[in-house]
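Structure data (compact mmCIF, C-alpha atoms (C1' of nucleotides)) from coords-v6.txt:
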```
# COMPACT_ATOMS: atom_id res chain seq x y z
CA MET A 1 -67.90 49.26 30.75
CA ARG A 2 -64.95 47.17 29.81
CA THR A 3 -62.04 49.39 28.81
CA GLY A 4 -58.74 48.64 27.10
CA ARG A 5 -57.89 47.10 23.78
CA PRO A 6 -60.45 44.50 22.77
CA ARG A 7 -59.49 40.94 21.86
CA SER A 8 -58.70 40.65 18.18
CA PHE A 9 -60.13 37.15 17.71
CA ASP A 10 -63.48 35.54 18.43
CA ARG A 11 -63.20 33.40 21.55
CA ILE A 12 -65.81 30.86 20.44
CA ASP A 13 -64.26 30.51 16.99
CA ALA A 14 -60.88 29.88 18.60
CA LEU A 15 -62.45 27.33 20.97
CA ASP A 16 -64.07 25.54 18.05
CA SER A 17 -60.70 25.36 16.32
CA ALA A 18 -59.15 23.96 19.48
CA VAL A 19 -61.87 21.29 19.59
CA VAL A 20 -60.88 20.16 16.12
CA VAL A 21 -57.16 20.04 16.89
CA PHE A 22 -57.66 18.07 20.13
CA TRP A 23 -60.13 15.81 18.32
CA GLU A 24 -57.59 15.06 15.62
CA HIS A 25 -54.45 14.49 17.68
CA GLY A 26 -55.64 13.88 21.23
CA TYR A 27 -54.64 15.74 24.38
CA ASP A 28 -50.94 14.96 24.86
CA ALA A 29 -49.98 14.98 21.19
CA THR A 30 -51.52 18.42 20.71
CA SER A 31 -48.77 20.93 21.49
CA VAL A 32 -49.45 24.51 22.45
CA SER A 33 -47.47 25.66 19.42
CA LEU A 34 -49.75 23.59 17.16
CA LEU A 35 -52.73 25.23 18.83
CA THR A 36 -51.37 28.75 18.42
CA THR A 37 -50.50 28.27 14.74
CA THR A 38 -53.87 26.67 14.00
CA LEU A 39 -55.87 29.28 15.90
CA GLY A 40 -53.73 32.02 14.39
CA ILE A 41 -52.97 33.69 17.71
CA GLY A 42 -49.92 34.02 19.92
CA ALA A 43 -49.27 31.91 22.97
CA PRO A 44 -49.84 34.76 25.48
CA SER A 45 -53.25 35.49 23.89
CA LEU A 46 -54.19 31.84 24.21
CA TYR A 47 -53.15 31.70 27.86
CA ALA A 48 -54.96 34.96 28.62
CA ALA A 49 -58.17 33.76 27.01
CA PHE A 50 -58.26 30.12 28.13
CA GLY A 51 -55.78 29.54 30.95
CA ASP A 52 -53.37 26.65 30.64
CA LYS A 53 -53.54 23.75 28.20
CA GLN A 54 -55.50 21.47 30.53
CA THR A 55 -58.16 24.12 31.22
CA LEU A 56 -58.48 24.81 27.50
CA PHE A 57 -58.88 21.11 26.81
CA LEU A 58 -61.60 20.66 29.41
CA GLU A 59 -63.46 23.66 28.00
CA ALA A 60 -63.02 22.21 24.50
CA VAL A 61 -64.56 18.96 25.75
CA ASP A 62 -67.56 20.87 27.09
CA ARG A 63 -67.87 22.67 23.77
CA TYR A 64 -67.65 19.33 21.93
CA LEU A 65 -70.44 17.89 24.07
CA ALA A 66 -72.58 20.95 23.35
CA THR A 67 -72.08 20.72 19.60
CA TYR A 68 -70.77 17.69 17.70
CA GLY A 69 -71.39 15.28 20.55
CA ALA A 70 -74.78 16.62 21.53
CA PHE A 71 -76.61 13.92 19.57
CA VAL A 72 -75.95 11.43 22.35
CA ALA A 73 -77.60 13.49 25.06
CA ARG A 74 -80.44 14.36 22.67
CA ALA A 75 -81.15 10.73 21.85
CA LEU A 76 -81.19 9.87 25.54
CA ALA A 77 -83.47 12.79 26.38
CA GLU A 78 -85.89 12.76 23.45
CA GLU A 79 -86.48 9.06 22.90
CA SER A 80 -88.62 7.38 25.50
CA GLN A 81 -88.30 3.81 24.26
CA ALA A 82 -85.01 2.08 24.99
CA ARG A 83 -84.75 0.36 21.63
CA ARG A 84 -85.43 3.53 19.69
CA THR A 85 -82.84 5.33 21.78
CA VAL A 86 -80.16 2.80 20.86
CA GLU A 87 -81.18 2.66 17.20
CA ARG A 88 -81.00 6.43 16.92
CA LEU A 89 -77.73 6.59 18.86
CA LEU A 90 -76.03 4.12 16.55
CA ARG A 91 -77.50 5.60 13.38
CA GLU A 92 -76.46 9.16 14.24
CA ALA A 93 -73.04 7.97 15.41
CA SER A 94 -72.48 6.32 12.02
CA ALA A 95 -72.86 9.70 10.36
CA ALA A 96 -71.17 11.80 13.04
CA TYR A 97 -68.07 9.60 13.31
CA THR A 98 -67.40 9.62 9.58
CA SER A 99 -68.33 13.15 8.53
CA PRO A 100 -65.70 14.76 6.28
CA GLU A 101 -66.42 18.09 7.99
CA HIS A 102 -64.32 17.25 11.02
CA PRO A 103 -61.96 14.60 12.44
CA ARG A 104 -63.13 10.98 12.55
CA GLY A 105 -64.52 9.19 15.56
CA CYS A 106 -65.44 10.58 18.96
CA LEU A 107 -63.29 13.05 20.88
CA LEU A 108 -64.46 11.68 24.24
CA ILE A 109 -63.46 8.18 23.25
CA SER A 110 -60.18 8.79 21.49
CA ALA A 111 -58.51 11.93 22.87
CA THR A 112 -56.93 10.48 26.01
CA THR A 113 -56.31 6.85 25.10
CA ASN A 114 -52.52 7.35 25.26
CA CYS A 115 -51.46 9.85 27.84
CA SER A 116 -48.43 10.45 30.00
CA PRO A 117 -48.72 10.01 33.77
CA GLN A 118 -49.00 13.78 34.33
CA SER A 119 -52.08 13.88 32.10
CA ALA A 120 -53.86 11.31 34.24
CA GLY A 121 -56.25 14.00 35.46
CA VAL A 122 -57.80 14.81 32.11
CA ALA A 123 -57.86 11.11 31.23
CA ALA A 124 -59.83 10.42 34.40
CA ARG A 125 -62.25 13.24 33.58
CA LEU A 126 -62.99 11.81 30.14
CA ARG A 127 -63.38 8.31 31.51
CA GLU A 128 -65.85 9.79 34.00
CA LEU A 129 -67.87 11.29 31.15
CA ARG A 130 -67.84 7.99 29.25
CA THR A 131 -68.94 6.11 32.35
CA GLY A 132 -71.71 8.66 32.83
CA GLY A 133 -73.03 7.90 29.37
CA LEU A 134 -72.96 4.20 30.09
CA ARG A 135 -74.88 4.72 33.33
CA ALA A 136 -77.51 6.80 31.53
CA LEU A 137 -77.99 4.01 28.99
CA GLU A 138 -78.17 1.44 31.77
CA ALA A 139 -80.86 3.49 33.54
CA LYS A 140 -82.83 3.63 30.29
CA PHE A 141 -82.69 -0.16 30.05
CA ALA A 142 -83.67 -0.55 33.71
CA ASP A 143 -86.72 1.63 33.06
CA ALA A 144 -87.64 -0.48 30.04
CA ILE A 145 -87.41 -3.64 32.15
CA GLN A 146 -89.59 -1.99 34.80
CA ALA A 147 -92.14 -1.07 32.13
CA GLY A 148 -92.16 -4.59 30.74
CA LYS A 149 -90.66 -3.52 27.41
CA LEU A 150 -87.73 -5.78 28.14
CA THR A 151 -88.06 -9.16 29.84
CA ALA A 152 -87.27 -9.26 33.54
CA ASP A 153 -84.22 -11.45 33.04
CA THR A 154 -82.52 -8.81 30.89
CA ASP A 155 -79.19 -7.62 32.31
CA ALA A 156 -79.36 -3.83 31.97
CA HIS A 157 -75.71 -3.34 32.89
CA ALA A 158 -74.46 -5.97 30.45
CA LEU A 159 -76.60 -4.58 27.63
CA ALA A 160 -75.43 -1.01 28.28
CA THR A 161 -71.81 -2.15 28.37
CA PHE A 162 -72.32 -3.89 25.04
CA TYR A 163 -73.70 -0.86 23.25
CA ALA A 164 -71.08 1.39 24.83
CA ALA A 165 -68.43 -0.97 23.47
CA VAL A 166 -70.08 -0.90 20.05
CA LEU A 167 -69.93 2.91 20.01
CA GLN A 168 -66.27 2.82 21.03
CA GLY A 169 -65.60 0.22 18.35
CA MET A 170 -67.37 2.34 15.76
CA SER A 171 -65.21 5.31 16.72
CA ALA A 172 -62.07 3.20 16.37
CA GLN A 173 -63.19 1.83 13.00
CA ALA A 174 -63.96 5.33 11.77
CA ARG A 175 -60.47 6.47 12.71
CA ASP A 176 -59.08 3.43 10.91
CA GLY A 177 -60.79 4.57 7.73
CA ALA A 178 -64.21 2.91 7.77
CA GLY A 179 -66.96 4.86 6.02
CA LYS A 180 -70.51 5.72 7.00
CA ASP A 181 -71.91 2.57 5.37
CA ASP A 182 -69.42 0.38 7.23
CA LEU A 183 -70.47 1.94 10.52
CA GLN A 184 -74.15 1.59 9.70
CA HIS A 185 -73.55 -2.10 9.05
CA ILE A 186 -71.94 -2.35 12.48
CA ALA A 187 -75.02 -0.63 13.91
CA ASP A 188 -77.34 -3.03 12.09
CA ALA A 189 -75.44 -6.05 13.41
CA ALA A 190 -75.48 -4.62 16.93
CA MET A 191 -79.26 -4.25 16.77
CA ARG A 192 -79.56 -7.95 15.94
CA ALA A 193 -78.19 -8.52 19.44
CA TRP A 194 -81.22 -6.79 20.97
CA PRO A 195 -82.88 -9.14 23.48
CA SER A 196 -85.69 -10.97 21.73
CA GLY A 197 -87.73 -11.64 24.88
CA MET B 1 -16.63 -16.37 18.73
CA ARG B 2 -17.93 -13.05 19.90
CA THR B 3 -15.35 -11.23 22.00
CA GLY B 4 -15.62 -8.27 24.36
CA ARG B 5 -17.67 -7.69 27.48
CA PRO B 6 -21.06 -9.40 27.22
CA ARG B 7 -24.32 -7.54 27.69
CA SER B 8 -25.31 -7.40 31.36
CA PHE B 9 -29.07 -7.75 30.76
CA ASP B 10 -31.21 -10.26 28.93
CA ARG B 11 -32.37 -8.77 25.65
CA ILE B 12 -35.66 -10.66 25.58
CA ASP B 13 -36.45 -9.76 29.17
CA ALA B 14 -35.81 -6.11 28.37
CA LEU B 15 -37.98 -6.37 25.26
CA ASP B 16 -40.78 -7.90 27.28
CA SER B 17 -40.56 -5.02 29.74
CA ALA B 18 -40.68 -2.56 26.86
CA VAL B 19 -43.82 -4.30 25.57
CA VAL B 20 -45.51 -3.70 28.91
CA VAL B 21 -44.51 -0.03 29.08
CA PHE B 22 -45.67 0.69 25.52
CA TRP B 23 -48.85 -1.29 26.20
CA GLU B 24 -49.61 0.82 29.26
CA HIS B 25 -48.84 4.31 27.97
CA GLY B 26 -48.81 4.03 24.18
CA TYR B 27 -46.04 5.01 21.81
CA ASP B 28 -45.75 8.78 22.11
CA ALA B 29 -46.44 9.01 25.84
CA THR B 30 -43.71 6.46 26.57
CA SER B 31 -40.50 8.45 27.01
CA VAL B 32 -37.08 6.92 26.60
CA SER B 33 -36.26 7.84 30.19
CA LEU B 34 -39.33 5.90 31.37
CA LEU B 35 -38.10 2.95 29.34
CA THR B 36 -34.57 3.09 30.73
CA THR B 37 -35.72 3.34 34.35
CA THR B 38 -38.25 0.53 33.89
CA LEU B 39 -35.81 -1.76 32.08
CA GLY B 40 -33.09 -0.86 34.57
CA ILE B 41 -30.52 0.00 31.91
CA GLY B 42 -28.90 3.18 30.65
CA ALA B 43 -29.95 4.97 27.52
CA PRO B 44 -26.79 4.07 25.54
CA SER B 45 -27.34 0.38 26.34
CA LEU B 46 -30.90 0.64 25.10
CA TYR B 47 -29.86 2.35 21.88
CA ALA B 48 -27.06 -0.18 21.30
CA ALA B 49 -29.39 -3.14 21.80
CA PHE B 50 -32.53 -1.92 20.03
CA GLY B 51 -31.75 1.11 17.88
CA ASP B 52 -33.94 4.15 18.25
CA LYS B 53 -37.32 4.40 19.96
CA GLN B 54 -39.33 3.67 16.83
CA THR B 55 -37.35 0.53 16.01
CA LEU B 56 -37.71 -0.68 19.58
CA PHE B 57 -41.45 -0.09 19.44
CA LEU B 58 -41.89 -2.00 16.21
CA GLU B 59 -39.90 -4.89 17.64
CA ALA B 60 -42.01 -4.72 20.80
CA VAL B 61 -45.12 -4.96 18.62
CA ASP B 62 -43.73 -8.09 16.95
CA ARG B 63 -42.97 -9.53 20.38
CA TYR B 64 -46.49 -8.70 21.55
CA LEU B 65 -47.99 -10.48 18.56
CA ALA B 66 -45.82 -13.52 19.27
CA THR B 67 -46.84 -13.68 22.94
CA TYR B 68 -49.84 -11.92 24.49
CA GLY B 69 -51.53 -11.26 21.18
CA ALA B 70 -50.88 -14.65 19.67
CA PHE B 71 -54.33 -15.93 20.57
CA VAL B 72 -55.82 -14.06 17.63
CA ALA B 73 -53.62 -15.72 15.02
CA ARG B 74 -54.09 -19.09 16.76
CA ALA B 75 -57.87 -18.83 16.69
CA LEU B 76 -57.79 -17.92 13.00
CA ALA B 77 -55.41 -20.77 12.19
CA GLU B 78 -56.74 -23.57 14.38
CA GLU B 79 -60.49 -23.12 14.06
CA SER B 80 -61.95 -24.17 10.75
CA GLN B 81 -65.52 -23.04 11.33
CA ALA B 82 -66.14 -19.30 11.14
CA ARG B 83 -68.56 -19.18 14.06
CA ARG B 84 -66.22 -21.10 16.33
CA THR B 85 -63.38 -18.82 15.33
CA VAL B 86 -65.31 -15.75 16.39
CA GLU B 87 -66.60 -17.33 19.59
CA ARG B 88 -63.10 -18.34 20.60
CA LEU B 89 -61.67 -14.97 19.60
CA LEU B 90 -64.14 -13.07 21.76
CA ARG B 91 -63.88 -15.46 24.69
CA GLU B 92 -60.09 -15.37 24.79
CA ALA B 93 -60.07 -11.61 24.31
CA SER B 94 -62.32 -11.24 27.36
CA ALA B 95 -59.66 -12.90 29.46
CA ALA B 96 -56.61 -11.42 27.73
CA TYR B 97 -57.84 -7.83 27.83
CA THR B 98 -58.58 -7.90 31.55
CA SER B 99 -55.77 -10.01 32.98
CA PRO B 100 -54.18 -8.45 36.07
CA GLU B 101 -50.81 -9.78 34.90
CA HIS B 102 -50.32 -7.00 32.37
CA PRO B 103 -51.89 -3.73 31.10
CA ARG B 104 -55.54 -3.74 30.03
CA GLY B 105 -56.80 -3.99 26.50
CA CYS B 106 -54.87 -4.62 23.30
CA LEU B 107 -51.56 -2.95 22.45
CA LEU B 108 -52.30 -3.01 18.74
CA ILE B 109 -55.58 -1.23 19.27
CA SER B 110 -54.64 1.33 21.87
CA ALA B 111 -50.94 2.20 21.55
CA THR B 112 -51.13 4.73 18.70
CA THR B 113 -54.60 6.21 19.03
CA ASN B 114 -53.16 9.63 19.91
CA CYS B 115 -49.92 10.38 18.20
CA SER B 116 -48.06 13.44 17.00
CA PRO B 117 -47.59 13.99 13.26
CA GLN B 118 -43.99 12.70 13.37
CA SER B 119 -45.22 9.38 14.76
CA ALA B 120 -47.53 8.88 11.80
CA GLY B 121 -45.30 6.08 10.55
CA VAL B 122 -45.76 3.77 13.50
CA ALA B 123 -49.46 4.64 13.62
CA ALA B 124 -49.80 3.59 9.98
CA ARG B 125 -47.97 0.33 10.70
CA LEU B 126 -50.34 -0.59 13.51
CA ARG B 127 -53.37 0.34 11.46
CA GLU B 128 -51.98 -1.94 8.75
CA LEU B 129 -51.78 -4.81 11.24
CA ARG B 130 -55.33 -4.18 12.44
CA THR B 131 -56.60 -4.07 8.87
CA GLY B 132 -54.77 -7.32 8.20
CA GLY B 133 -56.67 -8.99 11.03
CA LEU B 134 -59.94 -7.68 9.67
CA ARG B 135 -59.12 -9.03 6.21
CA ALA B 136 -58.26 -12.44 7.67
CA LEU B 137 -61.61 -12.54 9.43
CA GLU B 138 -63.38 -11.45 6.26
CA ALA B 139 -61.68 -14.24 4.31
CA LYS B 140 -62.85 -16.72 6.93
CA PHE B 141 -66.42 -15.54 6.49
CA ALA B 142 -66.13 -15.65 2.69
CA ASP B 143 -64.99 -19.27 2.98
CA ALA B 144 -67.95 -20.08 5.21
CA ILE B 145 -70.33 -18.55 2.68
CA GLN B 146 -68.67 -20.58 -0.08
CA ALA B 147 -69.08 -23.74 2.00
CA GLY B 148 -72.73 -22.99 2.67
CA LYS B 149 -72.19 -22.52 6.41
CA LEU B 150 -73.41 -18.96 6.02
CA THR B 151 -76.23 -17.96 3.70
CA ALA B 152 -75.21 -16.50 0.36
CA ASP B 153 -76.65 -13.09 1.18
CA THR B 154 -74.29 -12.66 4.13
CA ASP B 155 -72.00 -9.63 3.81
CA ALA B 156 -68.57 -10.96 4.80
CA HIS B 157 -67.00 -7.53 4.93
CA ALA B 158 -69.74 -6.03 7.07
CA LEU B 159 -69.66 -8.96 9.47
CA ALA B 160 -65.88 -8.81 9.81
CA THR B 161 -66.03 -5.06 10.41
CA PHE B 162 -68.63 -5.63 13.12
CA TYR B 163 -66.56 -8.17 15.04
CA ALA B 164 -63.42 -6.08 14.62
CA ALA B 165 -65.32 -3.16 16.11
CA VAL B 166 -66.52 -5.36 18.97
CA LEU B 167 -62.93 -6.35 19.75
CA GLN B 168 -61.85 -2.70 19.68
CA GLY B 169 -64.79 -1.82 21.91
CA MET B 170 -63.87 -4.59 24.34
CA SER B 171 -60.32 -3.25 24.51
CA ALA B 172 -61.61 0.25 25.22
CA GLN B 173 -64.01 -1.02 27.89
CA ALA B 174 -61.23 -3.01 29.52
CA ARG B 175 -59.08 0.10 29.71
CA ASP B 176 -62.03 1.96 31.20
CA GLY B 177 -62.17 -0.57 34.03
CA ALA B 178 -64.56 -3.29 32.81
CA GLY B 179 -63.83 -6.77 34.16
CA LYS B 180 -63.65 -10.15 32.50
CA ASP B 181 -67.34 -10.84 33.12
CA ASP B 182 -68.31 -7.51 31.56
CA LEU B 183 -66.30 -8.35 28.47
CA GLN B 184 -67.75 -11.84 28.27
CA HIS B 185 -71.22 -10.30 28.34
CA ILE B 186 -70.21 -8.08 25.42
CA ALA B 187 -69.00 -11.20 23.63
CA ASP B 188 -72.27 -13.02 24.33
CA ALA B 189 -74.29 -10.11 23.01
CA ALA B 190 -72.09 -9.90 19.91
CA MET B 191 -72.71 -13.58 19.20
CA ARG B 192 -76.46 -12.93 19.21
CA ALA B 193 -75.80 -10.83 16.12
CA TRP B 194 -74.55 -13.90 14.25
CA PRO B 195 -76.53 -14.28 11.00
CA SER B 196 -79.38 -16.70 11.64
CA GLY B 197 -79.72 -17.81 8.03
C1' DA C 1 -0.70 -11.18 31.47
C1' DC C 2 -1.94 -8.76 27.55
C1' DA C 3 -4.53 -6.74 23.80
C1' DT C 4 -8.97 -6.08 22.26
C1' DA C 5 -13.69 -5.56 22.01
C1' DT C 6 -17.85 -4.35 24.04
C1' DC C 7 -20.30 -2.69 27.81
C1' DC C 8 -22.14 0.77 31.17
C1' DC C 9 -22.28 5.43 33.17
C1' DT C 10 -21.89 10.49 33.15
C1' DA C 11 -22.74 14.26 30.74
C1' DA C 12 -24.36 16.80 27.29
C1' DC C 13 -26.20 17.75 22.64
C1' DG C 14 -29.97 20.48 19.88
C1' DA C 15 -34.91 20.59 19.73
C1' DT C 16 -39.16 21.06 21.67
C1' DC C 17 -42.21 21.08 25.61
C1' DG C 18 -45.66 24.19 28.47
C1' DC C 19 -45.55 28.63 29.95
C1' DT C 20 -44.44 33.73 30.96
C1' DC C 21 -41.88 38.22 31.20
C1' DT C 22 -41.36 42.47 28.65
C1' DA C 23 -42.27 45.93 25.45
C1' DG C 24 -45.15 48.13 22.19
C1' DA C 25 -49.68 48.71 19.82
C1' DA C 26 -54.60 49.62 20.13
C1' DT C 27 -58.72 50.78 22.31
C1' DG C 28 -61.68 52.78 26.13
C1' DT C 29 -62.70 56.88 29.41
C1' DG C 30 -61.84 61.60 31.21
C1' DC D 1 -55.66 65.38 23.96
C1' DA D 2 -53.73 62.53 27.74
C1' DC D 3 -54.30 58.50 30.61
C1' DA D 4 -55.63 53.92 31.97
C1' DT D 5 -56.34 49.48 30.54
C1' DT D 6 -55.92 45.39 27.87
C1' DC D 7 -54.47 43.38 24.02
C1' DT D 8 -50.56 41.36 20.74
C1' DA D 9 -45.87 39.93 19.44
C1' DG D 10 -41.05 38.36 20.28
C1' DA D 11 -37.97 36.46 23.13
C1' DG D 12 -36.82 33.42 26.47
C1' DC D 13 -37.69 30.77 30.93
C1' DG D 14 -36.57 25.90 33.07
C1' DA D 15 -37.68 21.22 32.01
C1' DT D 16 -37.84 17.37 29.24
C1' DC D 17 -37.66 15.26 24.77
C1' DG D 18 -34.82 11.62 21.79
C1' DT D 19 -30.19 10.81 20.98
C1' DT D 20 -25.17 10.45 21.22
C1' DA D 21 -20.09 11.38 22.27
C1' DG D 22 -16.44 10.38 25.76
C1' DG D 23 -14.10 7.44 29.07
C1' DG D 24 -13.48 4.13 32.69
C1' DA D 25 -14.87 -0.76 33.72
C1' DT D 26 -15.18 -5.67 32.48
C1' DA D 27 -15.32 -9.45 29.94
C1' DT D 28 -13.20 -12.64 26.11
C1' DG D 29 -9.31 -14.52 22.89
C1' DT D 30 -4.42 -15.23 22.55
```

What would the structure in this file look like if it were written as structure tokens?
Amino acid sequence: MRTGRPRSFDRIDALDSAVVVFWEHGYDATSVSLLTTTLGIGAPSLYAAFGDKQTLFLEAVDRYLATYGAFVARALAEESQARRTVERLLREASAAYTSPEHPRGCLLISATTNCSPQSAGVAARLRELRTGGLRALEAKFADAIQAGKLTADTDAHALATFYAAVLQGMSAQARDGAGKDDLQHIADAAMRAWPSG
Amino acid sequence: MRTGRPRSFDRIDALDSAVVVFWEHGYDATSVSLLTTTLGIGAPSLYAAFGDKQTLFLEAVDRYLATYGAFVARALAEESQARRTVERLLREASAAYTSPEHPRGCLLISATTNCSPQSAGVAARLRELRTGGLRALEAKFADAIQAGKLTADTDAHALATFYAAVLQGMSAQARDGAGKDDLQHIADAAMRAWPSG
DNA sequence: ACATATCCCTAACGATCGCTCTAGAATGTG
DNA sequence: CACATTCTAGAGCGATCGTTAGGGATATGT
């Protein structure tokens, strides 16, 4: 049995708070002191529970992907048709990126846009995750071409890059103050670009 | 006549270098020491010539808009037809955002995505500039509707928001490593969303 | 040549950065 | 109860942040 004084705060609650702070300000601009005041714990407690700032951030990213950002993986996994996947992705992003319950936009997209050279590691990790999403979308399109749902001359890579850019643009617009309706209009316009055949 | 020892560096050259550094790393992540080493001048010289870091940044933004970013204002001013304006905007952005001559993407879009609370002022200024561009585009579309070039049921605001988002997405993709061809494909797809009438 | 004005460099300012040592408080097991 | 263990809280570590005096060097105007 684990002896000693138990931790006075809930680790998951603290992690969720850290997600929000990193989401709002990004990696570099989030100082440890801002984290400790927001989470309501001292710096040594934070370091004991999560390791250093970079480790905490990476765990916060995982937590984000398992919660707020899970709709992307769900759309990719649950929708079999490529077009429905994209429609659902854009529709759910319109709501997720503008919810008043949490910071605007997407943490994966916006948290490491500006980072100092010594934060290049976490920036590379997030870029990797973004690229992974793009590849998954591209594979979905390739399958649709294979199945004849998209014409053979469709460029799966180009189409995936386009919808990835649209999601990134929606995140940026949300952070600039656009509302859910604005983002849904972006989504509607983006669907007009779907290959007609 | 101005007496005393003249400045040993060219102010415009130094400003251009500052543009590049801010473009690459963003506002907060660009330290004054990085600026001084890159520009090859001491900190007191920098402060004497440009004022503090915030003032230098805002002047660098103006310089950016007058040089690398001037293609946006030119497209809006020189093209009378809305569709041609957007086509030219997206085409020139594909090249500008991926040129190997300078950092990727757009300074206005990417330089203040992550900033600490005390940098909120410069972030607000850049958001203002981005919103101004969106409004200019929206006005262009409103004119086209007035002139009958776009059907009366076209939503000028929604369309402008869409193409603004596409530009922001192209900037993000460029910073993630996409090439000129990738961005041109995004532009092509975005033009398929043009209202058919 | 001289006085003057401005420059550049060295050094350092206070504040904050990420991070940790130390001491005391609180819980578990015997 | 004592003891072992692990937590919390305050203070402070060296480094870097943006910024600015101080002083020698270098140019112009007379």

Counting all atoms listed in the file, the residue among A:Ala93, A:Ala123, A:Leu56, A:Ala147 that lies closest to chain B is A:Ala123

Once you count only C-alpha atoms (C1' of nucleotides), which residues of chain B turn out to be within 7 Å of chain D? Could you give them as a PyMOL selection string? chain B and resi 3-6

Tell me the residues of chain A close to chain C, meaning within 10 Å using all atoms listed in the file, as a list in words. Met1, Arg2, Thr3, Gly4, Arg5, Pro6, Arg7, Ser31, Val32, Ser33, Ala43, Pro44, Tyr47, Asp52 and Lys53 of chain A

What gap, in Å, lies between atom CA of Ala136 of chain A and atom CA of Ala160 of chain B? 29.2 Å

Per residue of chain A within 6 Å of chain B, note the shortest atom pair and the distance in Å to one decimal, counting only C-alpha atoms, and order the rows by chain and increasing residue number, as CSV.
```
residue,atom,partner,partner_atom,distance
A:His25,CA,B:Asn114,CA,5.5
A:Gly26,CA,B:Asn114,CA,5.1
A:Ala29,CA,B:Ser116,CA,4.9
A:Asn114,CA,B:Gly26,CA,5.1
A:Cys115,CA,B:Ala29,CA,5.5
A:Ser116,CA,B:Ala29,CA,4.8
A:Ala158,CA,B:His185,CA,5.8
A:Phe162,CA,B:Ile186,CA,4.7
A:Ala165,CA,B:Gly169,CA,4.1
A:Val166,CA,B:Gly169,CA,5.7
A:Gln168,CA,B:Gly169,CA,4.9
A:Gly169,CA,B:Ala165,CA,4.1
A:Met170,CA,B:Ala165,CA,5.9
A:His185,CA,B:Ala158,CA,5.8
A:Ile186,CA,B:Phe162,CA,4.7
A:Ala189,CA,B:Ala193,CA,5.5
A:Arg192,CA,B:Ala193,CA,4.7
A:Ala193,CA,B:Ala193,CA,4.7
```

For a test of reading the model, state the distance in Å between atom CA of Arg125 of chain B and atom CA of Gln54 of chain B, rounded to one decimal.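 According to the coordinates, atom CA of Arg125 of chain B and atom CA of Gln54 of chain B are separated by 11.1 Å.
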
Go ahead and compute the interatomic distance for atom CA of Leu39 of chain B and atom CA of Asp62 of chain B, in Å to one decimal. 18.2 Å

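The closest residue to Thr37 of chain A, picked from A:Ala73, A:Ala14, A:Leu129, A:Ala156 and counting all atoms listed in the file, is A:Ala14.
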
Here's a test: counting only C-alpha atoms (C1' of nucleotides), identify every protein, DNA and RNA residue with an atom at most 8 Å from (-66.0, 23.4, 13.1) in the file's coordinate frame, and state them as a PyMOL selection string. chain A and resi 16-17+19-20+101-102

Export of prior selection with C-alpha atoms as a PDB file, in the frame of the given file:
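Result went into part-v6.pdb, see below:
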```pdb
ATOM      1  CA  ASP A  16     -64.070  25.540  18.050  1.00  0.00           C
ATOM      2  CA  SER A  17     -60.700  25.360  16.320  1.00  0.00           C
ATOM      3  CA  VAL A  19     -61.870  21.290  19.590  1.00  0.00           C
ATOM      4  CA  VAL A  20     -60.880  20.160  16.120  1.00  0.00           C
ATOM      5  CA  GLU A 101     -66.420  18.090   7.990  1.00  0.00           C
ATOM      6  CA  HIS A 102     -64.320  17.250  11.020  1.00  0.00           C
TER       7      HIS A 102
END
```

Point out the residue among B:Ala96, B:Leu89, B:Ala70, B:Ala82 with the least atom-to-atom distance to Lys180 of chain B, counting all atoms listed in the file.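 Of all the options, B:Ala96 lies closest to Lys180 of chain B.
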